[in-house]
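Enquirer: Below you will find the structure I want to go over with you.
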Amino acid sequence: MSAGKNIRTLTLPQLKEYFESIGDKKFRAIQAYEWLWKKNARSFDDMSNLSLELRKKLAEEFELNAMTVDTTQHSSDGTLKSRFKTFDGHLLEGVIIPTEKRNTACVSSQIGCSLACKFCATGLMDRKRNLHFDEIYDQVAILNEQSEKMYGTGLTNIVYMGMGEPLLNYNNVLKSIEKITASDSMAMSPKRITVSTAGVAKMIKQLGDDKVRFNLALSLHAANDEKRNTIMAINETNNIAALTEALNYFYEQTKNDITLEYVLLKGVNDSVEDAEELVKVYRKIPTHLVNVIEFNPVSGIPFLKSDEDTTQVFTDYLAKNRVNVRVRRSRGKDIDAACGQLANKKSA
């Protein structure tokens with residue numbers, strides 16, 4: 001590996017400048033840029049319309065830290081999970097969830113996570129480092145290729161709901177979305193992208209100030225501070241009142257969709273009283289949907305999934321109180337690809 005600069009940090013004008021500085025033509029920069037962001041080159045050797053000599057020079061002067069696929073697992077329900085390997089040997093996971101109408105990629109923003117939410121497998125891991133914007137982009141590009149190959153059509157939606165807290169890797173997450181939505185790259189609509197947060201109030205407001213165009217999901221999981229503190233330590237510094245204020249600010253600035261995520265934990269947050277408190281929170285936030293999520297069992301985590309009757313009573317109460325509610329059924333449980341299960345577990 002060269003000790004050079006990551007070539008994907010260069011803009012097209014900077015690439016043109018570089019090619020001119022070595023006495024080459026500007027259009028070579030356009031060709032190289034296309035390899036980096038449209039054709040998803042994994043190495044300089046892939047850039048077949050550049051001369052061998054030029055490819056060698058690029059490899060000497062720059063790094064192309066492309067992500068590779070370590071393993072892929074297929075679920076009986078059609079879900080596909082890939083474990084990716086970074087250039088420095090770290091592992092992380094991404095998932096494709098296919099349905100009749102859409103193919104959604106669930107991508108990671110960090111290697112591990114520092115938040116230690118009590119119901120999440122990733123929370124049992126240490127945070128090794130943030131993912132760089134081009135590493136997040138690589139996940140999407142690879143999952144898109146897999147989607148086309150497996151299901152005959154590319155990705156329609158992207159959710160930043162994999163490993164890590166996206167708002168604690170703010171700049172790289174925004175830069176990755178900028179690349180994914182760029183017309184000279186994947187040209188995905190930002191309205192088809194949702195970033196999920198455990199609730200970092202300051203950064204939610206920053207999203208508003210930055211006038212982002214993608215949607216936001218808040219992992220709420222309990223509708224009072226006392227209960228939320230016990231399962232999500234982040235609530236001690238980002239309580240429900242602070243998050244309510246931040247989400248209202250975000251909506252005022254962007255008018256983008258906000259979803260509340262609520263995982264049902266047996267005997268913890270699934271009573272009618274809990275539903276009642278959730279209705280109160282829902283009415284204070286300009287949210288368009290509450291996603292009630294089935295808990296997925298994880299080794300080393302003490303919680304259990306709420307039974308069907310309890311789930312029905314809970315969601316019926318919400319619906320009766322004019323809450324737009326949807327139950328998100330788990331996909332990919334048999335390969336540990338479902339919500340809260342991503343932990344780089346080795347395939348059997």
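Residues in the structure tokens are numbered from 1 in each chain, the chains being A, B, ... in the order shown, and ligands are numbered from 1 in the order shown.
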Within 10 Å of range 41-55 of chain A, counting only C-alpha atoms, which residues show up once you throw out same-chain ones fewer than 6 positions away? Write them as a list in words, please.
Expert: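 The contact residues come out as Phe19, Ile22, Asp24, Arg28, Ala29, Gln31, Ala32, Tyr33, Glu34, Trp35, Phe62, Glu63, Leu64, Asn65, Ala66, Met67, Thr68 and Asp138 of chain A.
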Enquirer: Excluding Asn172 in chain A and its own-chain neighbours fewer than 2 positions away, which residues fall within 9 Å of it when counting only C-alpha atoms? Please give them as a ChimeraX atom specification.
Expert: /A:109,130-134,136,166,169-170,174-177
Enquirer: Enumerate as a PyMOL selection string all residues of range 180-268 of chain A assigned to strand (DSSP E or B) by DSSP on the backbone, naming them with the chain letters and numbers the document uses.
Expert: chain A and resi 193-197+215-219+258-265
Enquirer: Would you compute the distance between CA of Asn40 in chain A and CA of Leu216 in chain A? Give it in Å to one decimal.
Expert: 27.4 Å
Enquirer: Ranking A:Met186, A:Leu247, A:Met125, A:Cys113 by minimum distance to Gly154 in chain A and counting only C-alpha atoms, which one comes first?
Expert: A:Met186
Enquirer: Please identify all polymer residues within 6 Å of range 292-298 of chain A, counting only C-alpha atoms, omitting same-chain residues fewer than 6 positions from it, and present them as a VMD selection string.
Expert: chain A and resid 262 to 264 305 327 to 328
Enquirer: Can you pull out the residues contacting Glu252 in chain A? Cut-off 12 Å, using only C-alpha atoms, and skip same-chain residues under 2 positions away; I want them as a CSV table (one decimal) with all heavy atoms, in the first residue's frame.
Expert:
```csv
chain,number,residue,atom,x,y,z
A,204,ILE,N,-29.0,16.8,16.2
A,204,ILE,CA,-30.3,16.9,15.5
A,204,ILE,C,-30.6,18.3,15.1
A,204,ILE,O,-31.0,18.6,14.0
A,204,ILE,CB,-31.5,16.3,16.4
A,204,ILE,CG1,-31.3,14.8,16.6
A,204,ILE,CG2,-32.8,16.6,15.8
A,204,ILE,CD1,-32.2,14.2,17.6
A,205,LYS,N,-30.3,19.2,16.0
A,205,LYS,CA,-30.4,20.7,15.7
A,205,LYS,C,-29.5,21.1,14.5
A,205,LYS,O,-29.8,21.8,13.7
A,205,LYS,CB,-30.2,21.5,16.9
A,205,LYS,CG,-31.3,21.5,17.9
A,205,LYS,CD,-31.1,22.4,19.1
A,205,LYS,CE,-32.3,22.5,20.0
A,205,LYS,NZ,-32.0,23.4,21.1
A,207,LEU,N,-28.5,19.2,12.1
A,207,LEU,CA,-29.1,18.7,10.9
A,207,LEU,C,-30.0,19.8,10.3
A,207,LEU,O,-30.1,20.0,9.1
A,207,LEU,CB,-29.8,17.4,11.1
A,207,LEU,CG,-29.0,16.1,11.4
A,207,LEU,CD1,-29.9,15.0,11.7
A,207,LEU,CD2,-28.1,15.8,10.2
A,208,GLY,N,-30.8,20.4,11.3
A,208,GLY,CA,-31.7,21.4,10.9
A,208,GLY,C,-31.0,22.6,10.3
A,208,GLY,O,-31.4,23.2,9.3
A,209,ASP,N,-29.9,23.0,11.0
A,209,ASP,CA,-29.2,24.2,10.6
A,209,ASP,C,-28.5,23.9,9.2
A,209,ASP,O,-28.4,24.8,8.4
A,209,ASP,CB,-28.1,24.5,11.6
A,209,ASP,CG,-28.6,25.2,12.8
A,209,ASP,OD1,-29.7,25.8,12.8
A,209,ASP,OD2,-28.0,25.1,13.9
A,211,LYS,N,-29.8,22.2,6.9
A,211,LYS,CA,-30.9,22.1,6.0
A,211,LYS,C,-30.8,20.8,5.1
A,211,LYS,O,-30.9,20.8,3.9
A,211,LYS,CB,-30.9,23.3,5.0
A,211,LYS,CG,-31.1,24.6,5.7
A,211,LYS,CD,-32.6,24.9,6.1
A,211,LYS,CE,-32.8,26.3,6.5
A,211,LYS,NZ,-32.2,26.7,7.7
A,212,VAL,N,-30.6,19.7,5.8
A,212,VAL,CA,-30.4,18.4,5.2
A,212,VAL,C,-31.7,18.0,4.5
A,212,VAL,O,-32.8,18.5,4.9
A,212,VAL,CB,-30.0,17.3,6.1
A,212,VAL,CG1,-28.6,17.6,6.7
A,212,VAL,CG2,-31.0,17.0,7.2
A,245,GLU,N,-37.7,19.1,21.7
A,245,GLU,CA,-37.3,20.4,21.3
A,245,GLU,C,-36.4,20.4,20.0
A,245,GLU,O,-36.7,21.1,19.0
A,245,GLU,CB,-36.5,21.2,22.4
A,245,GLU,CG,-36.2,22.6,22.0
A,245,GLU,CD,-35.1,23.2,22.8
A,245,GLU,OE1,-34.7,22.6,23.9
A,245,GLU,OE2,-34.5,24.2,22.4
A,246,ALA,N,-35.5,19.4,20.0
A,246,ALA,CA,-34.5,19.3,18.9
A,246,ALA,C,-35.3,18.8,17.6
A,246,ALA,O,-35.0,19.3,16.5
A,246,ALA,CB,-33.4,18.3,19.2
A,247,LEU,N,-36.2,17.9,17.8
A,247,LEU,CA,-36.9,17.4,16.6
A,247,LEU,C,-37.9,18.4,16.0
A,247,LEU,O,-38.1,18.5,14.8
A,247,LEU,CB,-37.7,16.1,17.0
A,247,LEU,CG,-36.8,14.9,17.3
A,247,LEU,CD1,-37.6,13.7,17.9
A,247,LEU,CD2,-36.2,14.4,16.0
A,248,ASN,N,-38.5,19.2,16.9
A,248,ASN,CA,-39.3,20.3,16.4
A,248,ASN,C,-38.5,21.3,15.6
A,248,ASN,O,-39.0,21.8,14.6
A,248,ASN,CB,-40.1,21.0,17.6
A,248,ASN,CG,-41.4,20.2,17.9
A,248,ASN,OD1,-42.4,20.4,17.2
A,248,ASN,ND2,-41.3,19.4,19.0
A,249,TYR,N,-37.3,21.6,16.1
A,249,TYR,CA,-36.4,22.5,15.4
A,249,TYR,C,-36.0,21.9,14.1
A,249,TYR,O,-36.1,22.6,13.0
A,249,TYR,CB,-35.2,22.8,16.3
A,249,TYR,CG,-34.2,23.8,15.7
A,249,TYR,CD1,-34.5,25.1,15.8
A,249,TYR,CD2,-33.1,23.3,15.0
A,249,TYR,CE1,-33.6,26.1,15.2
A,249,TYR,CE2,-32.2,24.2,14.4
A,249,TYR,CZ,-32.5,25.6,14.5
A,249,TYR,OH,-31.6,26.5,13.9
A,250,PHE,N,-35.7,20.7,14.1
A,250,PHE,CA,-35.3,20.0,12.8
A,250,PHE,C,-36.4,20.1,11.8
A,250,PHE,O,-36.2,20.4,10.6
A,250,PHE,CB,-35.0,18.5,13.1
A,250,PHE,CG,-34.8,17.6,11.9
A,250,PHE,CD1,-33.6,17.6,11.2
A,250,PHE,CD2,-35.9,16.9,11.4
A,250,PHE,CE1,-33.5,16.8,10.0
A,250,PHE,CE2,-35.7,16.1,10.3
A,250,PHE,CZ,-34.5,16.1,9.6
A,254,THR,N,-36.4,21.9,8.1
A,254,THR,CA,-36.3,21.1,6.9
A,254,THR,C,-37.6,20.5,6.3
A,254,THR,O,-37.7,20.2,5.1
A,254,THR,CB,-35.4,19.8,7.2
A,254,THR,OG1,-36.2,19.0,8.2
A,254,THR,CG2,-34.1,20.2,7.8
A,255,LYS,N,-38.6,20.4,7.2
A,255,LYS,CA,-39.9,19.8,6.8
A,255,LYS,C,-39.7,18.3,6.3
A,255,LYS,O,-40.6,17.8,5.6
A,255,LYS,CB,-40.6,20.6,5.7
A,255,LYS,CG,-41.0,22.0,6.1
A,255,LYS,CD,-42.1,22.0,7.1
A,255,LYS,CE,-42.6,23.4,7.5
A,255,LYS,NZ,-41.7,24.1,8.5
A,256,ASN,N,-38.7,17.7,6.7
A,256,ASN,CA,-38.4,16.3,6.4
A,256,ASN,C,-39.2,15.4,7.3
A,256,ASN,O,-39.5,15.7,8.5
A,256,ASN,CB,-36.9,15.9,6.4
A,256,ASN,CG,-36.2,16.7,5.4
A,256,ASN,OD1,-36.7,17.1,4.4
A,256,ASN,ND2,-34.9,16.9,5.7
A,257,ASP,N,-39.5,14.1,6.9
A,257,ASP,CA,-40.2,13.1,7.7
A,257,ASP,C,-39.4,12.8,8.9
A,257,ASP,O,-38.2,12.6,8.9
A,257,ASP,CB,-40.5,11.9,6.9
A,257,ASP,CG,-41.6,12.1,5.8
A,257,ASP,OD1,-42.3,13.1,5.9
A,257,ASP,OD2,-41.7,11.2,5.0
A,258,ILE,N,-40.1,12.6,10.0
A,258,ILE,CA,-39.5,12.1,11.3
A,258,ILE,C,-40.3,10.8,11.7
A,258,ILE,O,-41.5,10.8,11.7
A,258,ILE,CB,-39.6,13.1,12.4
A,258,ILE,CG1,-38.8,14.4,12.0
A,258,ILE,CG2,-39.1,12.5,13.7
A,258,ILE,CD1,-39.1,15.5,13.0
A,285,ILE,N,-44.4,15.9,18.9
A,285,ILE,CA,-43.4,15.9,17.9
A,285,ILE,C,-44.1,15.8,16.5
A,285,ILE,O,-45.0,15.1,16.3
A,285,ILE,CB,-42.4,14.7,18.1
A,285,ILE,CG1,-41.7,14.8,19.4
A,285,ILE,CG2,-41.5,14.5,16.9
A,285,ILE,CD1,-40.9,13.5,19.8
A,286,PRO,N,-43.6,16.6,15.5
A,286,PRO,CA,-44.2,16.5,14.2
A,286,PRO,C,-43.8,15.2,13.4
A,286,PRO,O,-43.2,15.3,12.4
A,286,PRO,CB,-43.7,17.7,13.5
A,286,PRO,CG,-42.4,18.0,14.1
A,286,PRO,CD,-42.5,17.6,15.6
A,287,THR,N,-44.1,14.1,14.0
A,287,THR,CA,-43.7,12.8,13.5
A,287,THR,C,-44.8,12.2,12.6
A,287,THR,O,-46.0,12.4,12.9
A,287,THR,CB,-43.3,11.8,14.6
A,287,THR,OG1,-42.9,10.5,14.0
A,287,THR,CG2,-44.4,11.5,15.5
```
Enquirer: Would you mind listing, for every residue of range 221-271 of chain A within 7 Å of range 193-201 of chain A, the two atoms forming the shortest contact and the distance between them in Å to one decimal, using only C-alpha atoms, sorted by chain and ascending residue number, as a tab-separated table?
Expert:
```
residue	atom	partner	partner_atom	distance
A:Asn238	CA	A:Ala201	CA	6.1
A:Ala242	CA	A:Ala201	CA	6.3
A:Leu243	CA	A:Ala201	CA	5.3
A:Ala246	CA	A:Ala201	CA	5.5
```
Enquirer: From the options A:Thr104, A:Gln146, A:Ser114, A:Gln14, which residue's atoms come nearest to Gln73 in chain A, counting only C-alpha atoms?
Expert: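 Answer, going by the shortest atom-to-atom distance: A:Gln146.
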Enquirer: Which residues in range 109-212 of chain A does DSSP call alpha helix (DSSP H)? List them as a PyMOL selection string.
Expert: chain A and resi 133-151+170-181+201-209
Enquirer: Write the residues you've just listed into a file as a short mmCIF file (atom, residue, chain, number, x, y, z; two decimals), in the first residue's frame, and include N, CA, C and O atoms for each of them.
Expert:
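Saved file out-v4.cif follows:
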```cif
data_model
loop_
_atom_site.label_atom_id
_atom_site.label_comp_id
_atom_site.auth_asym_id
_atom_site.auth_seq_id
_atom_site.Cartn_x
_atom_site.Cartn_y
_atom_site.Cartn_z
N PHE A 133 -16.18 8.60 5.01
CA PHE A 133 -17.33 8.76 4.10
C PHE A 133 -17.28 7.79 2.93
O PHE A 133 -18.30 7.26 2.49
N ASP A 134 -16.07 7.53 2.39
CA ASP A 134 -15.98 6.64 1.23
C ASP A 134 -16.20 5.18 1.62
O ASP A 134 -16.62 4.37 0.79
N GLU A 135 -15.96 4.83 2.89
CA GLU A 135 -16.24 3.47 3.37
C GLU A 135 -17.75 3.25 3.50
O GLU A 135 -18.25 2.17 3.19
N ILE A 136 -18.45 4.27 3.96
CA ILE A 136 -19.92 4.18 4.02
C ILE A 136 -20.47 4.07 2.60
O ILE A 136 -21.35 3.25 2.31
N TYR A 137 -19.92 4.89 1.70
CA TYR A 137 -20.33 4.85 0.29
C TYR A 137 -20.10 3.45 -0.30
O TYR A 137 -20.96 2.93 -1.02
N ASP A 138 -18.94 2.85 0.01
CA ASP A 138 -18.63 1.51 -0.50
C ASP A 138 -19.69 0.49 -0.10
O ASP A 138 -20.06 -0.37 -0.90
N GLN A 139 -20.13 0.56 1.15
CA GLN A 139 -21.18 -0.37 1.59
C GLN A 139 -22.40 -0.28 0.67
O GLN A 139 -22.93 -1.29 0.22
N VAL A 140 -22.83 0.96 0.41
CA VAL A 140 -24.01 1.18 -0.41
C VAL A 140 -23.77 0.69 -1.83
O VAL A 140 -24.62 0.00 -2.42
N ALA A 141 -22.60 1.00 -2.39
CA ALA A 141 -22.28 0.59 -3.76
C ALA A 141 -22.25 -0.94 -3.89
O ALA A 141 -22.80 -1.50 -4.84
N ILE A 142 -21.64 -1.60 -2.90
CA ILE A 142 -21.56 -3.07 -2.95
C ILE A 142 -22.95 -3.68 -2.76
O ILE A 142 -23.35 -4.61 -3.49
N LEU A 143 -23.71 -3.17 -1.79
CA LEU A 143 -25.07 -3.69 -1.57
C LEU A 143 -25.95 -3.46 -2.79
O LEU A 143 -26.79 -4.30 -3.12
N ASN A 144 -25.73 -2.34 -3.48
CA ASN A 144 -26.49 -2.07 -4.71
C ASN A 144 -26.16 -3.10 -5.79
O ASN A 144 -27.05 -3.62 -6.47
N GLU A 145 -24.87 -3.41 -5.93
CA GLU A 145 -24.45 -4.44 -6.90
C GLU A 145 -25.06 -5.79 -6.53
O GLU A 145 -25.54 -6.53 -7.40
N GLN A 146 -25.03 -6.13 -5.24
CA GLN A 146 -25.61 -7.40 -4.78
C GLN A 146 -27.12 -7.44 -5.04
O GLN A 146 -27.66 -8.47 -5.44
N SER A 147 -27.78 -6.31 -4.81
CA SER A 147 -29.23 -6.22 -5.03
C SER A 147 -29.56 -6.46 -6.50
O SER A 147 -30.50 -7.21 -6.82
N GLU A 148 -28.79 -5.85 -7.38
CA GLU A 148 -29.04 -6.04 -8.82
C GLU A 148 -28.83 -7.50 -9.22
O GLU A 148 -29.61 -8.07 -9.99
N LYS A 149 -27.79 -8.10 -8.66
CA LYS A 149 -27.46 -9.49 -9.00
C LYS A 149 -28.48 -10.48 -8.41
O LYS A 149 -28.95 -11.40 -9.08
N MET A 150 -28.86 -10.25 -7.14
CA MET A 150 -29.74 -11.18 -6.43
C MET A 150 -31.22 -11.02 -6.79
O MET A 150 -31.95 -11.99 -6.95
N TYR A 151 -31.65 -9.76 -6.89
CA TYR A 151 -33.08 -9.50 -7.02
C TYR A 151 -33.45 -8.86 -8.36
O TYR A 151 -34.62 -8.56 -8.60
N TYR A 170 -20.80 12.59 12.38
CA TYR A 170 -21.65 13.53 11.64
C TYR A 170 -21.11 13.88 10.25
O TYR A 170 -21.79 13.72 9.24
N ASN A 171 -19.88 14.37 10.20
CA ASN A 171 -19.34 14.87 8.92
C ASN A 171 -19.22 13.77 7.88
O ASN A 171 -19.54 13.98 6.70
N ASN A 172 -18.76 12.59 8.29
CA ASN A 172 -18.63 11.48 7.33
C ASN A 172 -19.97 10.99 6.84
O ASN A 172 -20.12 10.63 5.67
N VAL A 173 -20.97 10.95 7.73
CA VAL A 173 -22.31 10.53 7.32
C VAL A 173 -22.88 11.50 6.29
O VAL A 173 -23.38 11.09 5.24
N LEU A 174 -22.77 12.81 6.57
CA LEU A 174 -23.30 13.79 5.62
C LEU A 174 -22.55 13.76 4.29
O LEU A 174 -23.17 13.85 3.22
N LYS A 175 -21.24 13.59 4.36
CA LYS A 175 -20.44 13.54 3.12
C LYS A 175 -20.79 12.28 2.31
O LYS A 175 -20.85 12.31 1.08
N SER A 176 -21.05 11.16 3.00
CA SER A 176 -21.42 9.93 2.29
C SER A 176 -22.76 10.11 1.58
O SER A 176 -22.94 9.67 0.44
N ILE A 177 -23.70 10.80 2.23
CA ILE A 177 -25.02 11.03 1.62
C ILE A 177 -24.88 11.99 0.43
O ILE A 177 -25.53 11.81 -0.60
N GLU A 178 -24.00 12.96 0.59
CA GLU A 178 -23.72 13.89 -0.52
C GLU A 178 -23.25 13.12 -1.75
O GLU A 178 -23.67 13.38 -2.88
N LYS A 179 -22.38 12.13 -1.52
CA LYS A 179 -21.86 11.32 -2.64
C LYS A 179 -22.93 10.39 -3.22
O LYS A 179 -23.06 10.23 -4.42
N ILE A 180 -23.70 9.76 -2.33
CA ILE A 180 -24.74 8.81 -2.78
C ILE A 180 -25.80 9.52 -3.62
O ILE A 180 -26.35 8.96 -4.56
N THR A 181 -26.06 10.78 -3.29
CA THR A 181 -27.13 11.52 -3.98
C THR A 181 -26.60 12.37 -5.15
O THR A 181 -27.40 12.95 -5.89
N ALA A 201 -29.33 15.37 20.80
CA ALA A 201 -30.14 16.57 20.57
C ALA A 201 -29.38 17.67 19.84
O ALA A 201 -29.90 18.27 18.88
N LYS A 202 -28.15 17.92 20.27
CA LYS A 202 -27.35 18.99 19.66
C LYS A 202 -27.15 18.76 18.16
O LYS A 202 -27.23 19.67 17.34
N MET A 203 -26.89 17.49 17.79
CA MET A 203 -26.61 17.18 16.39
C MET A 203 -27.90 17.11 15.56
O MET A 203 -27.88 17.35 14.36
N ILE A 204 -29.02 16.80 16.20
CA ILE A 204 -30.32 16.85 15.49
C ILE A 204 -30.59 18.31 15.08
O ILE A 204 -31.02 18.58 13.95
N LYS A 205 -30.29 19.24 15.99
CA LYS A 205 -30.44 20.66 15.65
C LYS A 205 -29.47 21.06 14.53
O LYS A 205 -29.81 21.84 13.65
N GLN A 206 -28.26 20.49 14.58
CA GLN A 206 -27.27 20.79 13.54
C GLN A 206 -27.78 20.34 12.17
O GLN A 206 -27.58 21.02 11.16
N LEU A 207 -28.46 19.19 12.14
CA LEU A 207 -29.06 18.72 10.88
C LEU A 207 -30.04 19.76 10.35
O LEU A 207 -30.11 20.02 9.14
N GLY A 208 -30.80 20.36 11.27
CA GLY A 208 -31.73 21.42 10.89
C GLY A 208 -31.00 22.62 10.32
O GLY A 208 -31.35 23.15 9.26
N ASP A 209 -29.95 23.05 11.02
CA ASP A 209 -29.15 24.19 10.56
C ASP A 209 -28.52 23.93 9.20
O ASP A 209 -28.38 24.84 8.38
#
```
Enquirer: When you count only C-alpha atoms, which of these residues is closest to Arg83 in chain A: A:Ser189, A:Met163, A:Lys101, A:Leu318?
Expert: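 Checking each candidate against Arg83 in chain A, we get A:Met163 as the closest.
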Enquirer: Could you please determine the separation between CA of Lys118 in chain A and CA of Ile301 in chain A in Å, to one decimal place?
Expert: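 Computed distance, CA of Lys118 in chain A to CA of Ile301 in chain A, equals 7.2 Å.
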Enquirer: For Arg283 in chain A, find every residue with an atom within 12 Å (counting only C-alpha atoms), except residues of its own chain fewer than 5 positions away, and show them as a list in words.
Expert: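 Close residues of Arg283 in chain A: Ala223, Thr244, Asn248, Leu260, Glu276, Glu277, Leu278, His288, Leu289, Val290, Leu318, Asn321, Arg322, Val323 and Asn324 of chain A.
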Enquirer: Find the distance between CA of Gly78 in chain A and CA of Thr156 in chain A and write it in Å to one decimal.
Expert: 16.0 Å
Enquirer: Between A:Glu165, A:Asp77, A:Asp307, A:Asp316, which one has atoms that come closest to Ala275 in chain A, using only C-alpha atoms?
Expert: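 With only C-alpha atoms as the atom set, the closest residue is A:Asp316.
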Enquirer: So that I can see what lies close to Gly162 in chain A, please list as a PDB file with C-alpha atoms, in the first residue's frame the residues with an atom at most 8 Å from it, counting only C-alpha atoms and leaving out residues fewer than 4 positions away in the same chain.
Expert:
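Written file, around_14.pdb:
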```
ATOM      1  CA  GLU A  93     -22.030  -5.433   8.611  1.00  0.00           C
ATOM      2  CA  GLY A  94     -24.633  -4.250   6.131  1.00  0.00           C
ATOM      3  CA  CYS A 106     -29.232  -0.969   6.081  1.00  0.00           C
ATOM      4  CA  VAL A 107     -25.714   0.441   6.456  1.00  0.00           C
ATOM      5  CA  SER A 108     -23.288   1.024   9.310  1.00  0.00           C
ATOM      6  CA  SER A 109     -21.648   4.324  10.237  1.00  0.00           C
ATOM      7  CA  LEU A 342     -25.510  -6.774  13.992  1.00  0.00           C
TER       8      LEU A 342
END
```
Enquirer: Between A:Ala233, A:Asn239, A:Tyr282, A:Arg213, which residue has the minimum interatomic distance to Gln253 in chain A, considering only C-alpha atoms?
Expert: A:Arg213
Enquirer: Fewer than 3 positions away in the same chain doesn't count, so skip those; otherwise give me all residues within 8 Å of Val69 in chain A, counting only C-alpha atoms, as a PDB file with C-alpha atoms, in the first residue's frame.
Expert:
```
ATOM      1  CA  THR A  72     -22.244 -13.035   2.757  1.00  0.00           C
ATOM      2  CA  SER A  82     -22.685  -8.953   4.163  1.00  0.00           C
ATOM      3  CA  ARG A  83     -19.758  -8.631   6.495  1.00  0.00           C
ATOM      4  CA  PHE A  84     -17.345  -6.071   5.090  1.00  0.00           C
ATOM      5  CA  LYS A  85     -13.623  -5.721   5.720  1.00  0.00           C
TER       6      LYS A  85
END
```
